[in-house]
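For reference, entry-v8.cif (mmCIF, C-alpha atoms):
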data_model
#
loop_
_atom_site.label_atom_id
_atom_site.label_comp_id
_atom_site.auth_asym_id
_atom_site.auth_seq_id
_atom_site.Cartn_x
_atom_site.Cartn_y
_atom_site.Cartn_z
CA MET A 43 24.93 1.85 -19.97
CA THR A 44 26.38 4.53 -17.71
CA LYS A 45 24.72 5.51 -14.44
CA GLN A 46 23.47 8.77 -15.98
CA GLN A 47 22.10 6.99 -19.04
CA LYS A 48 20.32 4.50 -16.77
CA THR A 49 18.81 7.37 -14.75
CA ASN A 50 17.66 9.14 -17.92
CA PHE A 51 16.08 5.93 -19.20
CA TYR A 52 14.22 5.27 -15.94
CA THR A 53 13.02 8.88 -15.83
CA ALA A 54 11.74 8.72 -19.41
CA VAL A 55 9.81 5.52 -18.73
CA ALA A 56 8.34 6.82 -15.47
CA SER A 57 7.30 10.07 -17.14
CA ALA A 58 5.65 8.24 -20.00
CA PHE A 59 3.60 5.99 -17.74
CA CYS A 60 2.82 8.26 -14.80
CA ARG A 61 -0.22 10.37 -15.62
CA THR A 62 -0.34 13.93 -14.35
CA VAL A 63 -3.39 14.75 -12.24
CA SER A 64 -4.51 18.34 -11.78
CA LYS A 65 -4.78 19.80 -8.29
CA LYS A 66 -8.55 20.13 -8.68
CA GLU A 67 -8.92 16.50 -9.71
CA GLN A 68 -6.60 15.35 -6.91
CA LEU A 69 -8.67 17.25 -4.33
CA ARG A 70 -11.83 15.61 -5.68
CA ARG A 71 -10.27 12.14 -5.39
CA GLU A 72 -9.01 12.81 -1.87
CA ALA A 73 -12.47 14.02 -0.79
CA ARG A 74 -14.05 10.83 -2.14
CA LEU A 75 -11.36 8.77 -0.41
CA ARG A 76 -12.20 10.39 2.94
CA GLU A 77 -15.85 9.48 2.41
CA GLN A 78 -15.04 5.87 1.59
CA ILE A 79 -12.14 5.02 3.86
CA HIS A 80 -14.09 4.56 7.09
CA SER A 81 -17.32 3.34 5.48
CA PRO A 82 -18.73 -0.08 6.49
CA PHE A 83 -16.47 -2.84 5.21
CA ARG A 84 -17.16 -6.58 5.28
CA PRO A 85 -14.04 -8.59 4.38
CA VAL A 86 -14.29 -11.76 2.29
CA PHE A 87 -10.53 -12.29 1.97
CA ARG A 88 -7.60 -11.32 4.21
CA PHE A 89 -3.83 -11.66 4.09
CA ALA A 90 -0.78 -10.21 5.82
CA VAL A 91 2.33 -8.86 4.10
CA VAL A 92 5.68 -9.12 5.86
CA THR A 93 9.14 -8.24 4.63
CA ASP A 94 12.77 -8.09 5.72
CA ILE A 95 12.50 -10.48 8.63
CA HIS A 96 16.28 -11.13 8.63
CA ILE A 97 16.26 -14.19 10.87
CA HIS A 98 19.71 -14.49 12.51
CA GLU A 99 20.97 -17.14 14.91
CA ASP A 100 22.63 -14.56 17.18
CA ASP A 101 19.69 -12.16 17.39
CA PRO A 102 16.43 -13.70 18.66
CA ILE A 103 14.41 -10.47 18.49
CA ASN A 104 13.42 -10.88 14.84
CA VAL A 105 11.98 -14.37 15.26
CA GLU A 106 10.01 -13.11 18.27
CA ARG A 107 8.67 -10.29 16.12
CA LEU A 108 7.69 -12.79 13.45
CA LYS A 109 5.78 -14.89 15.97
CA ALA A 110 4.08 -11.73 17.24
CA MET A 111 3.08 -10.89 13.68
CA PHE A 112 1.28 -14.22 13.30
CA GLN A 113 -0.34 -13.92 16.73
CA THR A 114 -1.65 -10.39 16.21
CA ALA A 115 -2.89 -11.16 12.69
CA TYR A 116 -4.72 -14.27 13.88
CA ASP A 117 -6.18 -12.43 16.87
CA TYR A 118 -7.43 -9.65 14.59
CA ALA A 119 -8.97 -12.14 12.14
CA ALA A 120 -10.62 -14.17 14.90
CA ALA A 121 -12.36 -11.05 16.21
CA ASP A 122 -14.14 -10.60 12.86
CA LYS A 123 -17.28 -12.74 12.99
CA ALA A 124 -18.00 -12.14 9.30
CA HIS A 125 -14.65 -13.56 8.15
CA PRO A 126 -12.56 -14.93 11.05
CA THR A 127 -9.80 -16.18 8.77
CA LEU A 128 -6.27 -15.19 7.82
CA ASP A 129 -6.28 -16.64 4.31
CA ALA A 130 -2.65 -16.01 3.39
CA VAL A 131 0.66 -14.57 4.54
CA LEU A 132 3.06 -13.05 2.04
CA PHE A 133 6.83 -12.78 2.67
CA THR A 134 8.50 -10.40 0.19
CA GLY A 135 12.10 -11.41 0.78
CA ASP A 136 15.11 -11.24 3.11
CA ASN A 137 13.50 -13.97 5.16
CA THR A 138 16.95 -14.79 6.57
CA ASP A 139 19.93 -12.56 7.22
CA ASN A 140 22.36 -14.44 4.99
CA GLY A 141 20.80 -17.73 3.96
CA LYS A 142 22.45 -20.03 6.52
CA GLN A 143 20.84 -23.38 7.23
CA VAL A 144 20.68 -22.57 10.94
CA GLN A 145 18.64 -19.47 10.09
CA TYR A 146 16.21 -21.50 8.01
CA ASP A 147 15.96 -23.95 10.91
CA ILE A 148 14.96 -21.10 13.24
CA LEU A 149 12.50 -19.73 10.68
CA ASN A 150 10.87 -23.10 10.06
CA ALA A 151 10.56 -23.73 13.79
CA ALA A 152 8.73 -20.41 14.14
CA LEU A 153 6.47 -21.28 11.19
CA ALA A 154 5.70 -24.70 12.67
CA GLU A 155 4.70 -22.99 15.91
CA SER A 156 2.76 -20.09 14.37
CA LEU A 157 1.33 -20.92 10.94
CA GLN A 158 -2.18 -22.36 11.02
CA LEU A 159 -3.73 -24.71 8.46
CA GLN A 160 -6.22 -22.04 7.36
CA THR A 161 -3.36 -19.89 5.99
CA THR A 162 -1.42 -20.23 2.75
CA LEU A 163 2.20 -19.09 3.09
CA ILE A 164 3.61 -17.45 -0.05
CA THR A 165 7.26 -16.40 -0.09
CA VAL A 166 9.88 -15.01 -2.40
CA MET A 167 13.64 -14.67 -2.00
CA GLY A 168 15.47 -11.45 -1.16
CA ASN A 169 19.09 -10.58 -1.85
CA HIS A 170 20.11 -11.59 1.70
CA ASP A 171 18.60 -15.05 1.18
CA HIS A 172 21.13 -15.65 -1.59
CA GLY A 173 23.98 -15.78 0.91
CA ASN A 174 25.50 -19.08 2.05
CA THR A 175 23.06 -21.82 0.93
CA GLY A 176 21.69 -19.67 -1.91
CA THR A 177 18.75 -20.86 -4.00
CA ASP A 178 19.29 -24.47 -2.89
CA GLY A 179 18.67 -23.48 0.74
CA TYR A 180 15.53 -21.55 -0.17
CA ARG A 181 14.19 -24.39 -2.33
CA LYS A 182 14.87 -26.93 0.39
CA ASN A 183 13.45 -24.95 3.29
CA LEU A 184 10.68 -22.68 1.98
CA ASP A 185 9.55 -23.25 -1.60
CA ASP A 186 10.90 -25.28 -4.51
CA ARG A 187 9.66 -22.56 -6.87
CA LEU A 188 11.72 -19.37 -7.20
CA ASP A 189 9.12 -17.57 -9.33
CA LYS A 190 5.54 -18.47 -8.58
CA HIS A 191 1.91 -17.93 -9.44
CA VAL A 192 -0.31 -18.98 -6.54
CA VAL A 193 -4.11 -18.75 -6.50
CA VAL A 194 -5.80 -18.55 -3.10
CA ASP A 195 -9.62 -18.53 -3.04
CA GLY A 196 -9.64 -17.11 -6.57
CA TYR A 197 -7.10 -14.33 -5.88
CA HIS A 198 -3.87 -14.40 -7.87
CA PHE A 199 -0.43 -13.84 -6.29
CA ILE A 200 2.50 -13.64 -8.73
CA GLY A 201 6.05 -13.22 -7.42
CA MET A 202 9.61 -13.18 -8.73
CA ALA A 203 12.91 -13.95 -7.02
CA PRO A 204 15.91 -11.67 -7.53
CA LEU A 205 19.22 -12.83 -8.97
CA PRO A 206 22.13 -13.31 -6.54
CA ASN A 207 23.65 -9.93 -7.40
CA ASP A 208 21.36 -7.60 -5.45
CA THR A 209 17.85 -7.20 -6.92
CA TRP A 210 18.20 -7.91 -10.64
CA HIS A 211 15.63 -9.88 -12.63
CA THR A 212 16.19 -11.43 -16.04
CA PRO A 213 14.33 -10.61 -19.27
CA ARG A 214 13.02 -14.19 -19.17
CA GLN A 215 11.44 -13.48 -15.77
CA LEU A 216 9.78 -10.35 -17.11
CA PHE A 217 8.32 -12.24 -20.06
CA TRP A 218 7.09 -14.87 -17.61
CA MET A 219 5.47 -12.17 -15.44
CA ALA A 220 3.74 -10.66 -18.47
CA LYS A 221 2.37 -14.09 -19.43
CA GLU A 222 1.13 -14.83 -15.90
CA LEU A 223 -0.53 -11.41 -15.67
CA ARG A 224 -2.44 -12.13 -18.88
CA ARG A 225 -3.55 -15.45 -17.45
CA ALA A 226 -4.71 -13.88 -14.17
CA ALA A 227 -6.57 -11.05 -15.90
CA LYS A 228 -8.32 -13.53 -18.18
CA ASP A 229 -9.34 -15.71 -15.23
CA ASP A 230 -11.21 -12.85 -13.53
CA PRO A 231 -10.95 -9.34 -15.05
CA LYS A 232 -12.70 -7.73 -12.06
CA LYS A 233 -10.36 -8.88 -9.31
CA PRO A 234 -7.06 -7.25 -8.35
CA ILE A 235 -3.86 -9.12 -9.17
CA PHE A 236 -1.27 -9.15 -6.39
CA THR A 237 2.33 -9.08 -7.58
CA PHE A 238 5.42 -9.03 -5.43
CA GLN A 239 9.19 -8.91 -5.61
CA HIS A 240 11.83 -7.98 -3.06
CA GLY A 241 13.05 -4.66 -4.47
CA HIS A 242 10.81 -1.63 -4.98
CA ILE A 243 10.11 -0.24 -8.42
CA TRP A 244 12.08 2.97 -8.87
CA LYS A 245 10.27 6.22 -7.98
CA THR A 246 7.13 4.59 -6.64
CA VAL A 247 6.87 4.03 -2.87
CA TYR A 248 8.97 5.61 -0.12
CA VAL A 249 12.73 4.87 -0.30
CA SER A 250 12.37 3.55 -3.87
CA ARG A 251 14.59 6.39 -5.06
CA SER A 252 17.44 4.86 -3.08
CA TRP A 253 16.65 1.12 -3.05
CA TYR A 254 14.94 -0.53 -6.01
CA THR A 255 15.06 -3.46 -8.38
CA GLN A 256 17.57 -2.93 -11.16
CA MET A 257 14.95 -3.87 -13.77
CA SER A 258 12.55 -1.18 -12.60
CA ALA A 259 11.92 0.45 -15.95
CA LEU A 260 11.03 -2.76 -17.76
CA LEU A 261 9.05 -4.15 -14.84
CA HIS A 262 7.14 -0.89 -14.67
CA LEU A 263 6.18 -1.36 -18.32
CA VAL A 264 4.90 -4.86 -17.56
CA TYR A 265 2.79 -3.84 -14.57
CA ALA A 266 1.50 -0.62 -16.16
CA ARG A 267 -0.65 -2.56 -18.64
CA TYR A 268 -2.90 -3.70 -15.80
CA PRO A 269 -4.46 -1.09 -13.50
CA GLN A 270 -5.65 -3.94 -11.26
CA VAL A 271 -2.06 -4.83 -10.34
CA VAL A 272 -1.37 -4.25 -6.64
CA ASN A 273 2.36 -4.67 -6.03
CA PHE A 274 4.14 -5.34 -2.72
CA SER A 275 7.87 -4.97 -2.15
CA GLY A 276 10.44 -4.53 0.59
CA HIS A 277 14.25 -4.32 0.65
CA SER A 278 14.37 -0.67 1.76
CA HIS A 279 13.09 -1.00 5.37
CA GLY A 280 10.98 2.15 4.95
CA PRO A 281 8.27 2.89 7.58
CA VAL A 282 4.73 1.81 6.67
CA ASN A 283 3.14 4.97 8.10
CA HIS A 284 4.98 7.24 5.66
CA PRO A 285 2.39 8.67 3.20
CA LEU A 286 4.37 7.33 0.25
CA THR A 287 4.06 3.77 1.53
CA VAL A 288 1.32 3.65 -1.10
CA TRP A 289 1.75 4.94 -4.65
CA GLN A 290 -0.65 4.97 -7.58
CA SER A 291 -0.35 5.91 -11.21
CA ARG A 292 -0.92 3.21 -13.82
CA TYR A 293 -1.22 0.60 -11.05
CA THR A 294 -0.91 0.48 -7.24
CA ALA A 295 2.23 -0.23 -5.21
CA PHE A 296 2.86 -0.68 -1.48
CA GLY A 297 6.02 -0.79 0.57
CA ALA A 298 5.69 -3.55 3.15
CA GLY A 299 7.80 -2.08 5.97
CA THR A 300 10.29 -4.14 8.00
CA LEU A 301 10.65 -6.42 11.00
CA ASN A 302 14.29 -5.47 11.37
CA TYR A 303 15.41 -1.82 11.26
CA PHE A 304 14.45 1.44 9.56
CA GLU A 305 16.19 2.98 6.60
CA MET A 306 15.13 6.24 4.96
CA GLU A 307 15.62 8.24 1.78
CA ARG A 308 18.72 10.38 1.71
CA ASP A 309 16.74 13.60 2.04
CA ILE A 310 16.94 14.59 5.72
CA GLY A 311 20.55 15.55 6.15
CA ASP A 312 22.64 12.56 5.11
CA GLU A 313 21.27 10.08 7.65
CA THR A 314 19.54 7.15 5.99
CA VAL A 315 19.55 5.09 9.20
CA PRO A 316 17.99 7.29 11.90
CA PRO A 317 18.54 7.14 15.68
CA GLY A 318 16.62 4.26 17.25
CA SER A 319 16.33 2.50 13.90
CA ARG A 320 16.16 -0.95 15.51
CA ASN A 321 12.79 -0.03 17.06
CA ALA A 322 11.05 -1.22 13.91
CA ALA A 323 8.52 -4.04 13.68
CA GLN A 324 5.76 -3.36 11.16
CA TYR A 325 3.61 -5.22 8.66
CA LEU A 326 0.42 -4.84 6.63
CA ILE A 327 -2.99 -6.47 6.99
CA VAL A 328 -4.78 -6.44 3.62
CA GLU A 329 -8.51 -7.07 3.27
CA LEU A 330 -10.90 -7.26 0.32
CA ASP A 331 -14.67 -7.12 0.26
CA ALA A 332 -17.15 -8.53 -2.25
CA LYS A 333 -16.87 -5.36 -4.36
CA ASN A 334 -13.09 -5.88 -4.67
CA ARG A 335 -12.43 -2.81 -2.57
CA ILE A 336 -9.09 -3.07 -0.77
CA ARG A 337 -8.33 -1.96 2.77
CA VAL A 338 -4.67 -1.95 3.85
CA GLN A 339 -3.97 -1.48 7.56
CA PRO A 340 -0.40 -0.85 8.79
CA TYR A 341 0.27 -2.59 12.10
CA ASN A 342 2.90 -1.62 14.68
CA LEU A 343 4.11 -4.64 16.67
CA LEU A 344 5.96 -2.41 19.13
CA THR A 345 2.70 -0.81 20.30
CA ASN A 346 0.61 -3.91 19.59
CA ASP A 347 -1.87 -1.78 17.68
CA PHE A 348 -2.62 -0.31 14.28
CA PHE A 349 -0.93 2.96 13.37
CA ARG A 350 -3.01 6.05 14.06
CA ASP A 351 -4.31 8.51 11.48
CA PRO A 352 -2.44 11.86 11.75
CA ALA A 353 -5.64 13.69 10.77
CA ASP A 354 -7.57 12.06 13.64
CA PRO A 355 -5.53 10.10 16.21
CA GLU A 356 -8.74 8.52 17.49
CA LYS A 357 -8.92 6.57 14.23
CA GLN A 358 -6.47 4.10 12.76
CA LEU A 359 -4.43 4.72 9.63
CA ILE A 360 -5.97 2.98 6.62
CA TYR A 361 -4.94 2.96 2.97
CA PHE A 362 -7.97 2.39 0.77
CA VAL A 363 -8.31 1.38 -2.88
CA GLU A 364 -11.91 1.90 -3.95
CA ASN A 365 -11.61 0.28 -7.37
CA PRO A 366 -8.25 -1.20 -8.39
CA ARG A 367 -9.35 -1.37 -12.02
CA ASP A 368 -10.36 2.29 -12.33
CA ARG A 369 -7.39 4.67 -12.48
CA LYS A 370 -9.77 7.63 -12.16
CA THR A 371 -10.35 6.64 -8.52
CA PHE A 372 -6.65 6.51 -7.65
CA ALA A 373 -6.03 9.06 -4.88
CA TYR A 374 -2.43 8.22 -3.89
CA THR A 375 -0.87 9.89 -6.92
CA GLY A 376 2.11 12.21 -7.29
CA ALA A 377 -0.36 15.10 -7.30
CA ARG A 378 -0.48 14.81 -3.51
CA LYS A 379 2.49 17.15 -3.66
CA LYS A 380 0.07 19.86 -4.79
CA THR A 381 -2.48 19.30 -2.03
CA ASP A 382 -0.36 18.45 1.03
CA CYS A 383 -0.05 21.69 3.00
CA PRO A 384 3.17 22.29 4.96
CA PRO A 385 3.08 21.45 8.67
CA GLN A 386 2.48 24.31 11.08
CA PHE A 387 3.41 24.91 14.69
CA PRO A 388 0.60 25.59 17.20
CA ALA A 389 0.03 29.28 17.91
CA ASP A 390 1.59 29.03 21.37
CA ALA A 391 4.63 27.01 20.27
CA MET A 392 8.09 28.27 21.16
CA ALA A 393 11.69 27.25 20.60
CA SER A 394 13.98 27.50 23.61
CA VAL A 395 17.74 27.68 23.86
CA SER A 396 19.67 26.15 26.75
CA GLY A 397 23.13 24.99 27.66
CA VAL A 398 24.70 28.07 26.15
CA THR A 399 28.51 28.16 26.38
CA ASP A 400 31.10 30.19 24.52
CA THR A 401 30.99 27.75 21.56
CA ALA A 402 27.74 25.75 21.81
CA ALA A 403 23.99 25.99 22.43
CA THR A 404 21.07 23.52 22.44
CA VAL A 405 17.78 24.32 20.69
CA THR A 406 14.62 22.52 21.88
CA PHE A 407 11.16 22.72 20.33
CA GLY A 408 7.80 20.92 20.33
CA GLN A 409 6.36 19.08 17.35
CA ALA A 410 4.47 20.83 14.56
CA LYS A 411 1.05 19.57 13.39
CA SER A 412 -0.09 18.06 10.09
CA THR A 413 -3.08 16.07 8.87
CA VAL A 414 -0.72 14.00 6.70
CA CYS A 415 2.79 13.76 8.16
CA VAL A 416 5.37 15.98 9.85
CA TYR A 417 8.37 14.51 8.11
CA GLY A 418 11.20 16.53 9.64
CA TYR A 419 12.66 19.91 10.52
CA ARG A 420 15.26 22.25 9.05
CA LEU A 421 17.21 24.19 11.68
CA GLN A 422 19.03 27.28 10.44
CA LEU A 423 21.46 29.25 12.59
CA PHE A 424 22.29 32.86 11.67
CA ALA A 425 24.90 35.15 13.17
CA ALA A 426 23.69 38.69 13.82
CA ASP A 427 26.11 40.15 11.30
CA ALA A 428 25.23 37.66 8.52
CA LEU A 429 21.46 37.21 8.41
CA ASN A 430 21.38 36.28 4.72
CA LYS A 431 23.56 33.19 5.03
CA PRO A 432 23.18 30.47 7.67
CA ALA A 433 26.24 29.95 9.81
CA ALA A 434 25.05 26.35 10.30
CA GLN A 435 22.15 24.18 9.18
CA LYS A 436 20.84 20.84 10.42
CA GLU A 437 17.90 18.68 9.42
CA LEU A 438 16.20 16.27 11.82
CA TYR A 439 13.55 13.59 11.40
CA SER A 440 10.40 14.27 13.38
CA GLU A 441 10.50 10.56 14.34
CA TYR A 442 6.96 10.19 12.98
CA TYR A 443 7.73 6.48 12.55
CA PHE A 444 7.60 5.99 16.35
CA GLU A 445 4.33 5.92 18.25
CA PRO A 446 3.91 7.99 20.21
CA MET A 447 6.16 10.55 18.58
CA PRO A 448 8.48 12.34 21.01
CA GLU A 449 6.84 15.53 22.22
CA THR A 450 10.02 17.60 21.82
CA LEU A 451 13.20 17.45 19.78
CA SER A 452 16.60 19.00 20.46
CA HIS A 453 19.80 19.75 18.61
CA THR A 454 23.10 21.17 19.85
CA PHE A 455 24.97 23.59 17.60
CA GLU A 456 28.72 23.48 18.21
CA GLY A 457 31.72 25.40 16.96
CA LEU A 458 30.10 28.80 17.60
CA HIS A 459 31.98 32.05 18.17
CA PRO A 460 32.21 33.43 21.72
CA GLY A 461 30.24 36.55 22.62
CA THR A 462 28.18 36.44 19.44
CA ASP A 463 24.46 37.05 18.89
CA TYR A 464 22.69 34.25 17.02
CA THR A 465 19.19 33.61 15.70
CA VAL A 466 17.88 30.11 15.07
CA ARG A 467 14.95 29.27 12.79
CA VAL A 468 13.10 25.94 13.04
CA LEU A 469 11.09 25.10 9.90
CA PRO A 470 8.73 22.06 9.83
CA LEU A 471 8.84 19.97 6.62
CA ASN A 472 6.30 17.71 4.96
CA VAL A 473 7.28 14.64 2.93
CA TRP A 474 7.66 16.81 -0.17
CA ARG A 475 10.05 19.07 1.79
CA LYS A 476 7.63 21.99 1.78
CA ALA A 477 8.35 24.16 4.83
CA GLY A 478 5.82 25.71 7.18
CA ASN A 479 6.24 28.91 9.17
CA PRO A 480 9.29 28.80 11.45
CA LEU A 481 9.81 29.13 15.15
CA ILE A 482 12.48 31.72 15.93
CA ALA A 483 14.70 32.05 18.98
CA ALA A 484 17.68 34.29 19.75
CA PHE A 485 20.63 33.82 22.10
CA LYS A 486 24.17 35.04 22.70
CA THR A 487 27.15 32.84 23.37
CA LYS A 488 29.25 33.47 26.46
#
Output the structure of this file as structure tokens.
Amino acid sequence: MTKQQKTNFYTAVASAFCRTVSKKEQLRREARLREQIHSPFRPVFRFAVVTDIHIHEDDPINVERLKAMFQTAYDYAAADKAHPTLDAVLFTGDNTDNGKQVQYDILNAALAESLQLQTTLITVMGNHDHGNTGTDGYRKNLDDRLDKHVVVDGYHFIGMAPLPNDTWHTPRQLFWMAKELRRAAKDDPKKPIFTFQHGHIWKTVYVSRSWYTQMSALLHLVYARYPQVVNFSGHSHGPVNHPLTVWQSRYTAFGAGTLNYFEMERDIGDETVPPGSRNAAQYLIVELDAKNRIRVQPYNLLTNDFFRDPADPEKQLIYFVENPRDRKTFAYTGARKKTDCPPQFPADAMASVSGVTDTAATVTFGQAKSTVCVYGYRLQLFAADALNKPAAQKELYSEYYFEPMPETLSHTFEGLHPGTDYTVRVLPLNVWRKAGNPLIAAFKTK
């Protein structure tokens, strides 16, 4: 199958199984979500999801981040008098950087120091774990089972390991997953079923258009039969506070972030690894109540706090699944593209130009505002005699994935013509690349 044929096949499958929601219906679901998301919630089960730890013998920062993950999760659980327990921790792959025994030794030492008896550890391999010791090293050090179905307090966790060549799965694994899903659904039809694999499913969560399991189309068909499936994946290193961290259509999917470094979709310029990408240490705390409602809370280890809600920074960011069995309650659908308004600059915002020379100038501007996410900016530079065609264009991330976000951003245009009048436009972009009203500034090179 050629690359184009594969793309066409994936697109056909995704189109067939992703229901279209009208704007009116999407607005109704979002309004109900806002009512529910901060309502009283009494957890009866809690687990953490961690991915892309990348333990390496020459870089101690990742093992320290892993220890901090356990400490913060346990501290959070202990503060809840109703359910002071961290019932499980889920690793969704790339536990080591390249599968060396010394890396497993470091990982197991951290687990011996951090993991408490109350908590069930559930892991799956990632493509990096296949290096060096391969499946033998994983079986020896973490879990003798490559594919697994684990039940913790009545909740089912079903995970698959990838093949050594990147993130492939075999047809036999998919048949096994389908069988285990039937078994879990029969055991308790009302409860969600948690599935996990290292690679995302194509065109679901953020960065899944660039990094995904090679069996996405078939795996999508398997999961789509069960609306109660809640899938977790990693591999991409995408930020957990991006709105597309959660995706819903026929089932629910979450990207689990990274303890290592950020990587983005190839849609802001051509920079998939942004500046400061190593400042990344994120995971998810997942809670369920007696009604099987699900609350997912992204945690930022670098600030030692939960991420904040862009709509109200006084509150934390929460992803909420009211009823995992009822697709009519799913609010994190592709129809968010219809309801997410473009970011806008405050009324008093201005762009300034400094450092003007005969061939260069630096544009500086403050951040726009959005109740969802200011994803990035498109900077367009026009010469006075050619206002219909940009002389230069640059796109920047807003750096929303850092907290706090930088108050201002700058970019230097170079290679300009001496003694020339220029106009620069700064357009704020949402995650769907819709642009808000621009800031405009003019200058003349020396």
Q: For the structure provided, state which residues fall under the PyMOL selection byres ((chain A and resi 266) around 12), and present them as a PyMOL selection string.
A: chain A and resi 55-56+58-61+220+223+243+258-265+267-273+290-295+367+369
Q) So what does the PyMOL selection byres ((chain A and resi 114) around 12) actually pick up in this one, as an MDAnalysis selection string? A) chainID A and resid 90 107:113 115:121 128 156 324:327 341:348
(Q) Just to confirm, what's the straight-line distance from CA of Thr413 (chain A) to CA of Cys383 (chain A) in Å (one decimal)? (A) 8.7 Å
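Shown here are all protein and nucleic acid residues lying within 10 Å of (2.5, 17.1, -3.7), with only C-alpha atoms considered: Lys65, Gln68, Thr375, Gly376, Ala377, Arg378, Lys379, Lys380, Thr381, Asp382, Cys383, Asn472, Val473, Trp474, Arg475 and Lys476 of chain A.
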**Q.** Contact residues around Gly461 (chain A) with only C-alpha atoms at 9 Å, ignoring same-chain residues under 6 positions, as an MDAnalysis selection string
**A.** chainID A and resid 400:401 486:488
Q | Using all atoms listed in the file: which of A:Glu67, A:His98, A:Thr177, A:Leu163 has the shortest distance to Gln145 (chain A) | A | A:His98
Q | Selection under test: the PyMOL selection byres ((chain A and resi 185) around 12); residues as a list in words | A | Phe133, Tyr146, Asn150, Leu163, Ile164, Thr165, Val166, Met167, Thr177, Asp178, Gly179, Tyr180, Arg181, Lys182, Asn183, Leu184, Asp186, Arg187, Leu188, Asp189, Lys190, Val192 and Ala203 of chain A
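Closest approach to Leu423 (chain A) from the set A:Pro460, A:Trp253, A:Val466, A:Val405 is made by A:Val466, with distances taken over all atoms listed in the file.
With CA of Ala402 (chain A) on one side and CA of Pro480 (chain A) on the other, the separation reads 21.4 Å.
The two atoms in question, CA of Gln256 (chain A) and CA of Thr209 (chain A), are spaced 6.0 Å apart.
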Region 86-89 of chain A, all listed atoms, 8 Å padding on each side: what axis-aligned box centre and edge lengths in Å to one decimal come out, as AutoDock Vina command-line options?
--center_x -9.1 --center_y -11.8 --center_z 3.1 --size_x 26.5 --size_y 17.0 --size_z 18.2
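Candidate residues A:Glu441, A:Ala152, A:Ala426, A:Leu205 were compared for distance to His284 (chain A), and the nearest is A:Glu441, using only C-alpha atoms.
Nearest to Glu307 (chain A) of all the residues A:Ala389, A:Val328, A:Val249, A:Ile360 is A:Val249, counting all atoms listed in the file.
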Q) Taking into account all atoms listed in the file, which residue in the set A:Asn479, A:Thr287, A:Ser250, A:Thr450 is nearest to Gly299 (chain A)? A) A:Thr287
